[in-house]
Each structure stands twice: as C-alpha cells, then as structure tokens.
file data22.cif (mmCIF, C-alpha atoms and all ligand atoms)
data_upload
#
loop_
_atom_site.label_atom_id
_atom_site.label_comp_id
_atom_site.auth_asym_id
_atom_site.auth_seq_id
_atom_site.Cartn_x
_atom_site.Cartn_y
_atom_site.Cartn_z
CA MET A 13 -65.89 -40.09 142.63
CA LEU A 14 -63.12 -42.67 142.66
CA ASP A 15 -62.14 -42.33 139.00
CA GLU A 16 -62.04 -38.55 139.29
CA VAL A 17 -59.87 -38.77 142.41
CA LEU A 18 -57.36 -41.04 140.69
CA ALA A 19 -57.24 -38.87 137.59
CA TRP A 20 -56.99 -35.52 139.38
CA LEU A 21 -54.49 -36.76 141.94
CA ASP A 22 -52.41 -37.84 138.96
CA VAL A 23 -51.52 -41.07 140.74
CA ARG A 24 -48.25 -42.49 139.39
CA PRO A 25 -46.32 -45.70 140.05
CA GLY A 26 -43.78 -45.26 142.82
CA GLY A 27 -45.42 -42.08 144.14
CA THR A 28 -46.20 -41.17 147.74
CA TYR A 29 -49.76 -40.35 148.73
CA VAL A 30 -51.88 -39.67 151.80
CA ASP A 31 -55.49 -40.75 152.17
CA ALA A 32 -56.38 -38.49 155.08
CA THR A 33 -59.83 -40.10 155.50
CA VAL A 34 -58.99 -43.72 154.81
CA GLY A 35 -62.29 -45.13 156.15
CA ALA A 36 -62.83 -48.66 154.84
CA GLY A 37 -59.91 -48.19 152.46
CA GLY A 38 -61.70 -47.90 149.09
CA HIS A 39 -59.73 -44.91 147.77
CA ALA A 40 -56.55 -46.16 149.41
CA GLU A 41 -56.81 -49.55 147.73
CA ALA A 42 -57.29 -47.99 144.29
CA ILE A 43 -54.27 -45.72 144.84
CA LEU A 44 -52.13 -48.62 146.07
CA GLU A 45 -53.08 -50.63 142.98
CA ARG A 46 -51.39 -47.93 140.93
CA ILE A 47 -48.37 -47.08 143.05
CA ALA A 48 -47.28 -50.51 144.35
CA PRO A 49 -44.79 -51.98 144.84
CA ALA A 50 -42.41 -48.99 144.89
CA GLY A 51 -44.87 -46.35 146.08
CA ARG A 52 -46.11 -45.57 149.56
CA LEU A 53 -49.50 -44.67 151.00
CA ILE A 54 -50.21 -43.20 154.42
CA GLY A 55 -53.80 -43.70 155.56
CA ILE A 56 -55.22 -41.56 158.36
CA ASP A 57 -58.52 -41.87 160.20
CA ARG A 58 -59.75 -40.67 163.56
CA ASP A 59 -61.94 -43.78 163.80
CA ALA A 60 -59.98 -46.74 165.15
CA GLU A 61 -62.67 -49.19 163.98
CA ALA A 62 -62.44 -47.92 160.40
CA LEU A 63 -58.67 -48.30 160.55
CA ALA A 64 -59.03 -51.93 161.60
CA VAL A 65 -61.20 -52.56 158.52
CA ALA A 66 -58.72 -50.72 156.28
CA GLU A 67 -55.85 -52.66 157.78
CA ARG A 68 -57.42 -55.99 156.82
CA ARG A 69 -58.31 -54.75 153.35
CA LEU A 70 -54.87 -53.31 152.61
CA ALA A 71 -52.75 -55.98 154.33
CA ARG A 72 -51.55 -57.44 151.03
CA TYR A 73 -49.66 -54.23 150.26
CA GLY A 74 -47.35 -54.80 153.23
CA ALA A 75 -44.81 -52.06 153.89
CA ALA A 76 -46.26 -49.84 151.15
CA VAL A 77 -49.05 -48.88 153.59
CA THR A 78 -48.80 -47.00 156.86
CA LEU A 79 -52.03 -46.48 158.83
CA ARG A 80 -52.35 -43.91 161.59
CA HIS A 81 -55.08 -43.18 164.12
CA ALA A 82 -55.11 -39.39 164.07
CA ASN A 83 -57.10 -36.31 163.28
CA TYR A 84 -56.26 -35.13 159.79
CA SER A 85 -55.50 -31.72 161.24
CA ALA A 86 -52.19 -33.35 162.26
CA ILE A 87 -51.42 -34.49 158.71
CA ARG A 88 -48.04 -32.81 158.45
CA ALA A 89 -46.80 -34.37 161.67
CA VAL A 90 -48.10 -37.79 160.55
CA VAL A 91 -46.24 -37.50 157.24
CA ALA A 92 -43.05 -36.46 159.03
CA GLU A 93 -43.35 -39.30 161.56
CA ALA A 94 -43.69 -41.73 158.68
CA GLY A 95 -40.27 -40.57 157.52
CA LEU A 96 -41.43 -38.55 154.52
CA GLU A 97 -40.62 -34.92 153.89
CA ALA A 98 -43.49 -34.31 151.50
CA VAL A 99 -45.84 -36.32 149.31
CA ASN A 100 -47.15 -36.31 145.73
CA GLY A 101 -50.80 -36.16 146.58
CA ILE A 102 -53.42 -36.04 149.33
CA VAL A 103 -57.08 -36.99 149.20
CA MET A 104 -59.67 -36.00 151.79
CA ASP A 105 -63.15 -37.52 151.46
CA LEU A 106 -65.03 -35.75 154.22
CA GLY A 107 -67.98 -36.66 156.38
CA ALA A 108 -69.05 -39.93 157.92
CA SER A 109 -68.54 -43.34 156.34
CA SER A 110 -71.14 -46.00 155.60
CA LEU A 111 -69.46 -48.07 158.30
CA GLN A 112 -70.29 -45.37 160.81
CA LEU A 113 -73.70 -44.43 159.47
CA GLU A 114 -75.01 -47.96 159.17
CA GLU A 115 -73.97 -49.27 162.58
CA PRO A 116 -76.71 -48.39 165.10
CA LEU A 117 -74.31 -48.68 168.01
CA ARG A 118 -72.29 -45.73 166.71
CA GLY A 119 -75.26 -43.44 167.32
CA PHE A 120 -75.28 -41.59 163.98
CA SER A 121 -78.60 -42.94 162.72
CA PHE A 122 -82.10 -41.76 163.44
CA ALA A 123 -83.35 -44.79 161.52
CA ARG A 124 -82.13 -47.36 164.02
CA PRO A 125 -82.22 -47.08 167.80
CA GLY A 126 -78.87 -46.74 169.50
CA PRO A 127 -77.04 -44.63 172.05
CA LEU A 128 -76.77 -40.96 171.12
CA ASP A 129 -73.04 -41.07 170.51
CA MET A 130 -71.91 -39.86 167.03
CA ARG A 131 -68.22 -39.70 167.92
CA MET A 132 -65.99 -40.66 165.02
CA ASP A 133 -63.13 -40.99 167.48
CA ARG A 134 -64.45 -42.88 170.47
CA THR A 135 -61.52 -41.76 172.60
CA GLN A 136 -62.77 -38.18 172.54
CA PRO A 137 -64.56 -37.21 175.74
CA HIS A 138 -67.83 -35.68 174.53
CA CYS A 139 -70.56 -37.32 172.50
CA ALA A 140 -73.76 -36.01 170.90
CA ALA A 141 -75.80 -36.69 174.04
CA ASP A 142 -73.58 -34.25 175.95
CA LEU A 143 -74.51 -31.48 173.51
CA VAL A 144 -78.20 -32.34 173.40
CA ASN A 145 -78.51 -32.66 177.16
CA SER A 146 -76.46 -29.69 178.26
CA LEU A 147 -76.32 -26.86 175.72
CA PRO A 148 -78.48 -23.83 176.48
CA GLU A 149 -81.49 -23.56 174.18
CA ASP A 150 -80.11 -20.63 172.17
CA GLN A 151 -76.85 -22.47 171.46
CA LEU A 152 -78.74 -25.57 170.40
CA ARG A 153 -80.84 -23.44 168.08
CA GLY A 154 -77.71 -21.82 166.62
CA LEU A 155 -76.06 -25.17 166.12
CA LEU A 156 -79.09 -26.63 164.30
CA TRP A 157 -79.39 -23.55 162.15
CA ALA A 158 -75.69 -23.20 161.30
CA TYR A 159 -74.72 -26.82 160.75
CA GLY A 160 -78.07 -28.32 159.71
CA GLU A 161 -79.60 -25.34 157.88
CA GLU A 162 -82.72 -26.39 159.79
CA ARG A 163 -85.45 -23.77 159.42
CA TRP A 164 -87.35 -25.23 162.37
CA ALA A 165 -84.31 -24.89 164.64
CA ARG A 166 -86.14 -22.72 167.18
CA ARG A 167 -89.02 -25.16 167.69
CA ILE A 168 -86.72 -28.17 167.75
CA ALA A 169 -84.36 -26.61 170.29
CA ARG A 170 -87.29 -25.73 172.52
CA ALA A 171 -88.74 -29.25 172.30
CA ILE A 172 -85.34 -30.78 173.06
CA VAL A 173 -84.84 -28.63 176.14
CA GLN A 174 -88.34 -29.47 177.40
CA ARG A 175 -87.91 -33.22 176.93
CA ARG A 176 -84.26 -33.85 177.77
CA PRO A 177 -82.27 -35.75 178.93
CA PHE A 178 -82.01 -38.01 175.88
CA GLY A 179 -80.00 -41.21 175.83
CA THR A 180 -80.91 -42.74 172.48
CA THR A 181 -81.20 -41.78 168.83
CA ASP A 182 -84.81 -42.90 168.42
CA GLU A 183 -86.03 -40.85 171.41
CA LEU A 184 -84.42 -37.76 169.93
CA ALA A 185 -85.62 -38.47 166.38
CA SER A 186 -89.24 -38.78 167.47
CA VAL A 187 -89.15 -35.53 169.50
CA VAL A 188 -87.57 -33.69 166.54
CA GLY A 189 -90.20 -35.12 164.16
CA ALA A 190 -93.00 -34.00 166.49
CA ALA A 191 -91.53 -30.49 166.77
CA ILE A 192 -91.82 -29.91 163.02
CA PRO A 193 -95.35 -29.42 161.67
CA ARG A 194 -96.31 -32.49 159.67
CA ARG A 195 -97.09 -30.43 156.55
CA ALA A 196 -93.52 -29.05 156.67
CA TRP A 197 -91.74 -32.41 156.89
CA PRO A 198 -89.07 -32.50 154.19
CA ARG A 199 -89.87 -34.74 151.26
CA GLY A 200 -87.80 -37.86 150.81
CA ILE A 201 -85.79 -37.54 154.01
CA HIS A 202 -86.51 -38.19 157.67
CA PRO A 203 -87.53 -34.98 159.51
CA ALA A 204 -84.61 -35.47 161.91
CA THR A 205 -81.99 -35.64 159.13
CA ARG A 206 -80.81 -32.04 159.48
CA THR A 207 -80.76 -32.17 163.26
CA PHE A 208 -78.64 -35.32 163.23
CA GLN A 209 -76.27 -33.86 160.64
CA ALA A 210 -75.81 -30.72 162.73
CA LEU A 211 -75.14 -32.72 165.88
CA ARG A 212 -72.62 -34.93 164.08
CA ILE A 213 -70.71 -31.94 162.72
CA ALA A 214 -70.66 -30.28 166.14
CA THR A 215 -69.80 -33.43 168.11
CA ASN A 216 -66.78 -34.09 165.91
CA ARG A 217 -65.87 -30.42 165.40
CA GLU A 218 -65.67 -31.25 161.74
CA LEU A 219 -65.39 -27.70 160.41
CA GLU A 220 -62.69 -26.71 162.86
CA ALA A 221 -60.66 -29.81 161.93
CA LEU A 222 -61.02 -29.02 158.23
CA GLU A 223 -59.89 -25.42 158.68
CA GLN A 224 -56.79 -26.57 160.49
CA ALA A 225 -56.10 -29.44 158.12
CA LEU A 226 -56.09 -27.70 154.76
CA PRO A 227 -53.04 -25.47 155.29
CA GLU A 228 -51.31 -28.41 156.99
CA ALA A 229 -52.04 -30.59 153.98
CA VAL A 230 -50.65 -27.98 151.61
CA GLY A 231 -47.55 -27.85 153.80
CA ALA A 232 -47.15 -31.62 153.39
CA LEU A 233 -47.20 -31.52 149.57
CA ARG A 234 -44.12 -31.36 147.42
CA GLY A 235 -44.01 -28.95 144.48
CA GLY A 236 -46.53 -30.09 141.86
CA GLY A 237 -48.27 -32.32 144.44
CA ARG A 238 -52.05 -32.28 144.43
CA LEU A 239 -54.77 -31.95 147.03
CA CYS A 240 -58.26 -33.35 146.27
CA VAL A 241 -60.97 -32.56 148.77
CA ILE A 242 -64.48 -34.02 148.51
CA THR A 243 -67.10 -32.26 150.63
CA PHE A 244 -70.74 -33.03 151.36
CA HIS A 245 -71.87 -29.82 153.04
CA SER A 246 -71.97 -26.21 151.84
CA LEU A 247 -69.97 -24.98 154.85
CA GLU A 248 -67.21 -27.51 154.16
CA ASP A 249 -67.11 -26.54 150.50
CA ARG A 250 -66.90 -22.88 151.48
CA ILE A 251 -63.91 -23.53 153.71
CA VAL A 252 -62.12 -25.44 150.95
CA LYS A 253 -62.87 -22.80 148.33
CA HIS A 254 -61.73 -19.89 150.51
CA THR A 255 -58.59 -21.64 151.72
CA TYR A 256 -57.59 -22.53 148.17
CA LEU A 257 -58.18 -18.94 147.08
CA ARG A 258 -56.21 -17.53 149.97
CA LEU A 259 -53.24 -19.82 149.43
CA SER A 260 -53.26 -19.18 145.70
CA ARG A 261 -52.85 -15.44 146.12
CA ASP A 262 -49.40 -13.92 145.92
CA CYS A 263 -50.13 -11.53 148.74
CA THR A 264 -52.09 -12.42 151.84
CA CYS A 265 -52.10 -8.94 153.41
CA PRO A 266 -55.57 -7.73 154.44
CA PRO A 267 -57.45 -5.93 151.65
CA GLY A 268 -56.69 -2.19 151.70
CA SER A 269 -53.20 -2.56 153.23
CA PRO A 270 -51.07 0.37 152.00
CA GLN A 271 -48.22 -1.94 151.09
CA CYS A 272 -47.45 -5.63 151.07
CA VAL A 273 -45.81 -6.77 154.30
CA CYS A 274 -46.19 -10.53 153.90
CA ASN A 275 -43.65 -11.00 151.10
CA GLY A 276 -45.92 -13.81 150.14
CA ARG A 277 -45.70 -15.96 147.13
CA ARG A 278 -48.53 -18.20 146.26
CA LEU A 279 -48.48 -21.76 147.51
CA LEU A 280 -51.24 -23.21 145.39
CA ARG A 281 -52.65 -23.24 141.91
CA VAL A 282 -56.36 -24.02 141.87
CA LEU A 283 -57.10 -26.61 139.18
CA THR A 284 -60.90 -26.69 139.47
CA ARG A 285 -62.51 -23.30 139.02
CA ARG A 286 -65.86 -24.85 139.84
CA PRO A 287 -66.29 -27.93 142.03
CA LEU A 288 -66.57 -31.28 140.28
CA THR A 289 -69.71 -33.25 141.00
CA PRO A 290 -70.62 -36.93 140.63
CA SER A 291 -72.13 -38.25 137.40
CA LEU A 292 -75.82 -39.10 137.24
CA SER A 293 -74.94 -42.78 137.10
CA GLU A 294 -72.86 -42.50 140.28
CA ILE A 295 -75.72 -40.70 142.03
CA ALA A 296 -78.12 -43.43 140.88
CA ALA A 297 -75.81 -46.12 142.24
CA ASN A 298 -75.03 -44.24 145.45
CA PRO A 299 -77.66 -41.61 146.34
CA ARG A 300 -75.50 -40.38 149.25
CA SER A 301 -73.01 -39.01 146.72
CA ARG A 302 -75.55 -36.50 145.38
CA SER A 303 -74.21 -33.59 147.44
CA ALA A 304 -70.51 -34.38 146.83
CA LYS A 305 -68.25 -31.63 145.50
CA MET A 306 -64.59 -32.07 144.72
CA ARG A 307 -62.03 -29.26 144.53
CA VAL A 308 -58.45 -29.83 143.45
CA ALA A 309 -55.36 -27.65 143.84
CA GLU A 310 -51.69 -28.12 143.05
CA ARG A 311 -48.77 -27.06 145.19
CA ALA A 312 -46.79 -24.38 143.39
CA THR A 313 -43.30 -25.40 142.38
CA ASP A 314 -41.42 -22.13 142.39
CA GLN A 315 -41.21 -21.25 146.03
CA THR A 316 -40.40 -22.61 149.39
CA GLU A 317 -40.53 -19.38 151.34
CA ARG A 318 -44.06 -19.63 152.56
CA ALA A 319 -44.05 -23.38 153.02
CA SER A 320 -43.46 -23.01 156.71
CA GLU A 321 -46.40 -20.65 156.94
CA ALA A 322 -48.75 -23.10 155.37
CA GLY A 323 -49.64 -24.55 158.72
CA GLN A 324 -51.13 -21.31 159.98
CA SER A 325 -54.88 -21.06 159.66
CA SER A 326 -56.33 -17.91 158.21
CA ALA A 327 -58.65 -15.34 159.66
CA ASP A 328 -60.70 -15.08 156.47
CA THR A 329 -61.75 -18.73 156.43
CA THR A 330 -62.54 -19.00 160.10
CA LEU A 331 -66.16 -19.68 160.91
CA PRO A 332 -67.40 -18.97 164.39
CA SER A 333 -67.74 -22.10 166.46
CA VAL A 334 -71.16 -22.54 167.99
CA VAL A 335 -70.00 -25.22 170.37
CA PRO A 336 -68.30 -24.32 173.61
CA ASP A 337 -64.79 -25.68 174.11
CA VAL A 338 -65.57 -27.39 177.34
CA LEU A 339 -68.94 -28.99 177.74
CA PRO A 340 -70.32 -29.46 181.20
CA PRO A 341 -71.37 -32.98 182.11
CA ALA A 342 -75.01 -33.44 181.14
CA PRO A 343 -77.27 -33.52 184.18
CA GLY A 344 -79.04 -36.83 184.62
CA PHE A 345 -77.22 -38.45 181.70
CA ARG A 346 -74.72 -41.25 182.01
CA ARG A 347 -72.72 -42.04 178.93
CA ARG A 348 -72.61 -45.73 178.14
CA SER A 349 -69.31 -47.45 178.04
CA SER A 350 -67.71 -47.29 174.62
CA SER A 351 -67.62 -51.04 174.30
CA SER A 352 -70.47 -53.49 174.66
CA SER A 353 -73.67 -51.50 174.83
CA GLN A 354 -72.26 -48.84 172.57
CA ALA A 355 -74.45 -46.66 170.50
CA ARG A 356 -74.43 -45.34 166.95
CA GLN A 357 -76.75 -44.13 164.24
CA ARG A 358 -77.06 -43.59 160.55
CA SER A 359 -78.71 -40.71 158.82
C1 LIG B 1 -66.52 -40.72 153.75
S1 LIG B 1 -65.48 -41.64 154.78
C2 LIG B 1 -64.11 -42.04 153.75
C3 LIG B 1 -64.31 -43.27 152.94
C4 LIG B 1 -63.06 -43.67 152.19
N1 LIG B 1 -62.69 -42.67 151.20
C5 LIG B 1 -63.22 -45.02 151.49
O1 LIG B 1 -62.92 -45.10 150.30
O2 LIG B 1 -63.60 -45.99 152.16
C6 LIG B 1 -64.80 -40.43 155.82
C7 LIG B 1 -63.84 -40.96 156.86
O3 LIG B 1 -63.13 -39.82 157.35
C8 LIG B 1 -62.93 -39.97 158.73
N2 LIG B 1 -62.74 -38.63 159.29
C9 LIG B 1 -63.65 -37.64 159.37
N3 LIG B 1 -63.11 -36.56 159.94
C10 LIG B 1 -61.81 -36.87 160.22
C11 LIG B 1 -60.73 -36.16 160.81
N4 LIG B 1 -60.88 -34.90 161.25
N5 LIG B 1 -59.54 -36.78 160.91
C12 LIG B 1 -59.37 -38.05 160.46
N6 LIG B 1 -60.37 -38.78 159.91
C13 LIG B 1 -61.58 -38.19 159.78
C14 LIG B 1 -64.17 -40.66 159.22
O4 LIG B 1 -63.93 -41.33 160.44
C15 LIG B 1 -64.48 -41.61 158.06
O5 LIG B 1 -63.92 -42.87 158.28
#
call {"tool": "encode", "arguments": {"input": "data22.cif", "output": "structure tokens"}}
result
Amino acid sequence: MLDEVLAWLDVRPGGTYVDATVGAGGHAEAILERIAPAGRLIGIDRDAEALAVAERRLARYGAAVTLRHANYSAIRAVVAEAGLEAVNGIVMDLGASSLQLEEPLRGFSFARPGPLDMRMDRTQPHCAADLVNSLPEDQLRGLLWAYGEERWARRIARAIVQRRPFGTTDELASVVGAAIPRRAWPRGIHPATRTFQALRIATNRELEALEQALPEAVGALRGGGRLCVITFHSLEDRIVKHTYLRLSRDCTCPPGSPQCVCNGRRLLRVLTRRPLTPSLSEIAANPRSRSAKMRVAERATDQTERASEAGQSSADTTLPSVVPDVLPPAPGFRRRSSSSSQARQRS
C-alpha cells in the first residue's frame, strides 16, 4: 500500500517523518525521495538485521536519515533524542517482514526447518521455544485461540505438551499438522499457519507494543501531522480503531460519569471511517498483503492541553495478555546461540 501511504501521509518536501517499522526500508526510501534534501526521516526497527539492510539502502540520503534500534513503543523518546520536537507524519507497517519470514534461521517459518526462535529483536531474552516448551497447556490453548484464532487450539496444545520439548520449527509444524484432523486442514495454507502466527505475536508481545505505541505516536505528531497504521490481524486493527476513537473524543471520562472531569479536548481526527485495503492488483502481486488494513488519523491543531497525556495507554483498548511476564526456563531445552546456528522461520 505504498502509494496510499504516501498520499495519506501527505508527504511534502522538507517535512519530517518517522517510519516506525522501517524493515528493509521500502516505505522509508519512497518518503525520502519526496522530502530530500531538506527533510528528515527517522527509521525505527526492533530488528537490528533489518536496520543493517535499511542502512545500506538509504545510505545515499546521508544526514536526512536517522536509524534507531528500538521498540516503536518508545517512539516519542526516539524522536526527542533525534532532536525533533514533533514530526509531520508517522507510518507503522505492522507484523513481520519478508526478510524475517523468509530466513529459516530466524525461526518464523514452518516451511523451512530452523530453530524455534521468532524473536524480531534477538537481544530479547525469550524466544518461541520458551513459550512452547514451558507454558501450561491451558495457557498455550488460550494463546493459540486468542492470537491465532485456531479452532483446534485445544487439540494442538495437548499434542504440544505431550511431545515437547521442541527445538525446531519443522518438528513443531509436523506435530501441529498431526493434531488437526486431515479433513479439517485449512485450504490453501499450511495447517500450522495459525499456530505459528500466534506464537510470533506472543513471543514479540506485538499487541502490547502496539497499545503502548499508538498514544506515544500521537504525542510525537505536530498539529495536522498524520499517523498511518497498516495492520494484518483483526486484533491489531481493533486496537488501532479503538485508540483512534478514544483519542478523537472530546471527553475521555468513563461512560455514565455524572460530569466531565478530564477537561479533555480531542487529540485526533480520524480520516478513514473504514479501513483502506489493498487493490486487487496489489493482492495479485503480493498475496501476503490480502489481509492488510490501513487506518489514518490526523493530530488536531487546536489544542496542546492533552498532548502530554497522549502517552498514557487507555483502559478501554487494553486486551488481556495471555503470556506471563516472566517465563521460566524451558526444561530440557537449550536455546541456540543467536549467531551461527541461529534459527528462523517463515509462515
Ligand atoms: C512489515 S515489516 C515493514 C516493512 C517496511 N515497511 C518496508 O517497506 O520494508 C515490519 C517491520 O516492523 C518491525 N517491528 C515489528 N514490531 C516492532 C516494534 N514493536 N518496534 C519496532 N519495530 C517493529 C519488524 O521487525 C519488521 O522489520
């Protein structure tokens, strides 16, 4: 949805923009083409390997680009550290990148054998194998159901617990496939697709990061600045939709409050009543884009009062986490070193 991103972000020469999921630098490059030489782009990614690729790709833009290894939940601090008070636009293109999905050593793919890793940020302590090998069966079931919408979650969780520990993607994929009755295998996708998606979301705490990031991103926009978020999962889209709605209300007091105590003024104007979706030709060229949804909002211009509150996350968008904060070390499982024999997967 590159053209849509550029149009909706209203990218202008000399402007300042953040690509909060810079990945291989595709969106960033297209933005830089339009803003250089006077403009500035900050690119954020939690994946140091993606940043190295983006760095090579964007090198010709010199000082117009600043790349940071960070979680996008820290977007406001990253913008401030880069010496900017606020920016004209922010794009977030969620999920995993092709770089991650297609490299077996990253452990995201059931299609190619590799270590069961799935960490976007390889400096984080816990990988997918830790979840698979240590979560109690009911938590595994909940995770597969909530994040993978996997109707066979109960059978899969039971099979995993009976067969663990797992060290590699292919071992797990074959046990998941065997746990689902053959006649119920989903058409056109590998039977382990939903399980792998759920594990990826949980391993990287993707929904929690998004919930924290959106108000931070709004806080980093100047008046009239725009936020474009592309999601690939219904739970992500729900978080974006609800956060936009909440921040576009004048009053954020709980429904039924006798009187307004927040003195709120809206921070956002939602520009897309319904999410934008890719064209049929884009889906044909890139089938992975089929579930993409983009929502765009604009920072209101007439108030600064609630700007400092923008960083607070809201109760009404919070989804319960199904993953414990501290995972115990998995019995009988040794994580491989994050260098040579490193694992990955692609869904
Ligand atoms: C779909 S890719 C983005 C591709 C990019 N738009 C391009 O044009 O190449 C998503 C990227 O977001 C990164 N990412 C996901 N969650 C993140 C987070 N919480 N903080 C920072 N980066 C994140 C991933 O590591 C991945 O590189």
call {"tool": "atom_distance", "arguments": {"input": "data22.cif", "atom1": "CA of Arg300 (chain A)", "atom2": "CA of Ile102 (chain A)"}}
result
22.5 Å
call {"tool": "closest_residue", "arguments": {"input": "data22.cif", "among": "A:Asp31, A:Asp262, A:Glu310, A:Glu149", "to": "ligand LIG 1 (chain B)", "atoms": "all atoms listed in the file"}}
result
A:Asp31
call {"tool": "atom_distance", "arguments": {"input": "data22.cif", "atom1": "CA of Val282 (chain A)", "atom2": "CA of Val91 (chain A)"}}
result
22.8 Å
call {"tool": "residues_near_ligand", "arguments": {"input": "data22.cif", "ligand": "ligand LIG 1 (chain B)", "cutoff": "9 Å", "atoms": "only C-alpha atoms and all ligand atoms", "output": "PyMOL selection string"}}
result
chain A and resi 14+31-42+56-63+66+81-87+103-112+131-133+216-222+225+242
call {"tool": "atom_distance", "arguments": {"input": "data22.cif", "atom1": "CA of Val17 (chain A)", "atom2": "CA of Glu248 (chain A)"}}
result
17.9 Å
call {"tool": "build_atoms", "arguments": {"input": "data22.cif", "residues": "region 127-155 of chain A", "atoms": "N, CA and C atoms", "output": "PDB file, in the frame of the given file"}}
result
ATOM      1  N   PRO A 127     -77.449 -45.717 171.170  1.00  0.00           N
ATOM      2  CA  PRO A 127     -77.040 -44.630 172.050  1.00  0.00           C
ATOM      3  C   PRO A 127     -76.676 -43.384 171.248  1.00  0.00           C
ATOM      4  N   LEU A 128     -76.955 -42.231 171.823  1.00  0.00           N
ATOM      5  CA  LEU A 128     -76.770 -40.960 171.120  1.00  0.00           C
ATOM      6  C   LEU A 128     -75.294 -40.566 171.198  1.00  0.00           C
ATOM      7  N   ASP A 129     -74.476 -41.208 170.383  1.00  0.00           N
ATOM      8  CA  ASP A 129     -73.040 -41.070 170.510  1.00  0.00           C
ATOM      9  C   ASP A 129     -72.474 -40.135 169.434  1.00  0.00           C
ATOM     10  N   MET A 130     -72.357 -40.633 168.198  1.00  0.00           N
ATOM     11  CA  MET A 130     -71.910 -39.860 167.030  1.00  0.00           C
ATOM     12  C   MET A 130     -70.438 -39.479 167.051  1.00  0.00           C
ATOM     13  N   ARG A 131     -69.652 -40.009 167.963  1.00  0.00           N
ATOM     14  CA  ARG A 131     -68.220 -39.700 167.920  1.00  0.00           C
ATOM     15  C   ARG A 131     -67.548 -40.542 166.845  1.00  0.00           C
ATOM     16  N   MET A 132     -66.798 -39.896 165.970  1.00  0.00           N
ATOM     17  CA  MET A 132     -65.990 -40.660 165.020  1.00  0.00           C
ATOM     18  C   MET A 132     -64.808 -41.281 165.767  1.00  0.00           C
ATOM     19  N   ASP A 133     -64.244 -40.507 166.665  1.00  0.00           N
ATOM     20  CA  ASP A 133     -63.130 -40.990 167.480  1.00  0.00           C
ATOM     21  C   ASP A 133     -63.684 -41.267 168.879  1.00  0.00           C
ATOM     22  N   ARG A 134     -63.799 -42.552 169.205  1.00  0.00           N
ATOM     23  CA  ARG A 134     -64.450 -42.880 170.470  1.00  0.00           C
ATOM     24  C   ARG A 134     -63.550 -42.648 171.680  1.00  0.00           C
ATOM     25  N   THR A 135     -62.336 -42.137 171.439  1.00  0.00           N
ATOM     26  CA  THR A 135     -61.520 -41.760 172.600  1.00  0.00           C
ATOM     27  C   THR A 135     -61.782 -40.306 172.984  1.00  0.00           C
ATOM     28  N   GLN A 136     -62.517 -39.575 172.167  1.00  0.00           N
ATOM     29  CA  GLN A 136     -62.770 -38.180 172.540  1.00  0.00           C
ATOM     30  C   GLN A 136     -63.815 -38.140 173.657  1.00  0.00           C
ATOM     31  N   PRO A 137     -63.735 -37.147 174.534  1.00  0.00           N
ATOM     32  CA  PRO A 137     -64.560 -37.210 175.740  1.00  0.00           C
ATOM     33  C   PRO A 137     -66.052 -36.964 175.523  1.00  0.00           C
ATOM     34  N   HIS A 138     -66.422 -36.083 174.582  1.00  0.00           N
ATOM     35  CA  HIS A 138     -67.830 -35.680 174.530  1.00  0.00           C
ATOM     36  C   HIS A 138     -68.553 -36.279 173.327  1.00  0.00           C
ATOM     37  N   CYS A 139     -69.762 -36.752 173.591  1.00  0.00           N
ATOM     38  CA  CYS A 139     -70.560 -37.320 172.500  1.00  0.00           C
ATOM     39  C   CYS A 139     -71.780 -36.436 172.257  1.00  0.00           C
ATOM     40  N   ALA A 140     -72.612 -36.838 171.282  1.00  0.00           N
ATOM     41  CA  ALA A 140     -73.760 -36.010 170.900  1.00  0.00           C
ATOM     42  C   ALA A 140     -74.721 -35.809 172.074  1.00  0.00           C
ATOM     43  N   ALA A 141     -74.874 -36.825 172.911  1.00  0.00           N
ATOM     44  CA  ALA A 141     -75.800 -36.690 174.040  1.00  0.00           C
ATOM     45  C   ALA A 141     -75.364 -35.563 174.977  1.00  0.00           C
ATOM     46  N   ASP A 142     -74.059 -35.343 175.087  1.00  0.00           N
ATOM     47  CA  ASP A 142     -73.580 -34.250 175.950  1.00  0.00           C
ATOM     48  C   ASP A 142     -74.070 -32.906 175.429  1.00  0.00           C
ATOM     49  N   LEU A 143     -74.025 -32.741 174.098  1.00  0.00           N
ATOM     50  CA  LEU A 143     -74.510 -31.480 173.510  1.00  0.00           C
ATOM     51  C   LEU A 143     -76.011 -31.345 173.729  1.00  0.00           C
ATOM     52  N   VAL A 144     -76.735 -32.393 173.349  1.00  0.00           N
ATOM     53  CA  VAL A 144     -78.200 -32.340 173.400  1.00  0.00           C
ATOM     54  C   VAL A 144     -78.688 -32.114 174.823  1.00  0.00           C
ATOM     55  N   ASN A 145     -78.010 -32.703 175.788  1.00  0.00           N
ATOM     56  CA  ASN A 145     -78.510 -32.660 177.160  1.00  0.00           C
ATOM     57  C   ASN A 145     -77.982 -31.492 177.975  1.00  0.00           C
ATOM     58  N   SER A 146     -77.018 -30.745 177.417  1.00  0.00           N
ATOM     59  CA  SER A 146     -76.460 -29.690 178.260  1.00  0.00           C
ATOM     60  C   SER A 146     -76.393 -28.313 177.623  1.00  0.00           C
ATOM     61  N   LEU A 147     -76.454 -28.200 176.309  1.00  0.00           N
ATOM     62  CA  LEU A 147     -76.320 -26.860 175.720  1.00  0.00           C
ATOM     63  C   LEU A 147     -77.545 -26.017 176.045  1.00  0.00           C
ATOM     64  N   PRO A 148     -77.327 -24.737 176.318  1.00  0.00           N
ATOM     65  CA  PRO A 148     -78.480 -23.830 176.480  1.00  0.00           C
ATOM     66  C   PRO A 148     -79.300 -23.811 175.181  1.00  0.00           C
ATOM     67  N   GLU A 149     -80.581 -23.491 175.333  1.00  0.00           N
ATOM     68  CA  GLU A 149     -81.490 -23.560 174.180  1.00  0.00           C
ATOM     69  C   GLU A 149     -80.999 -22.709 173.003  1.00  0.00           C
ATOM     70  N   ASP A 150     -80.501 -21.504 173.294  1.00  0.00           N
ATOM     71  CA  ASP A 150     -80.110 -20.630 172.170  1.00  0.00           C
ATOM     72  C   ASP A 150     -78.895 -21.201 171.432  1.00  0.00           C
ATOM     73  N   GLN A 151     -78.000 -21.870 172.149  1.00  0.00           N
ATOM     74  CA  GLN A 151     -76.850 -22.470 171.460  1.00  0.00           C
ATOM     75  C   GLN A 151     -77.271 -23.685 170.629  1.00  0.00           C
ATOM     76  N   LEU A 152     -78.226 -24.427 171.173  1.00  0.00           N
ATOM     77  CA  LEU A 152     -78.740 -25.570 170.400  1.00  0.00           C
ATOM     78  C   LEU A 152     -79.377 -25.067 169.112  1.00  0.00           C
ATOM     79  N   ARG A 153     -80.160 -24.001 169.251  1.00  0.00           N
ATOM     80  CA  ARG A 153     -80.840 -23.440 168.080  1.00  0.00           C
ATOM     81  C   ARG A 153     -79.798 -22.993 167.041  1.00  0.00           C
ATOM     82  N   GLY A 154     -78.751 -22.298 167.527  1.00  0.00           N
ATOM     83  CA  GLY A 154     -77.710 -21.820 166.620  1.00  0.00           C
ATOM     84  C   GLY A 154     -77.000 -22.967 165.930  1.00  0.00           C
ATOM     85  N   LEU A 155     -76.754 -23.998 166.671  1.00  0.00           N
ATOM     86  CA  LEU A 155     -76.060 -25.170 166.120  1.00  0.00           C
ATOM     87  C   LEU A 155     -76.908 -25.829 165.016  1.00  0.00           C
TER      88      LEU A 155
END
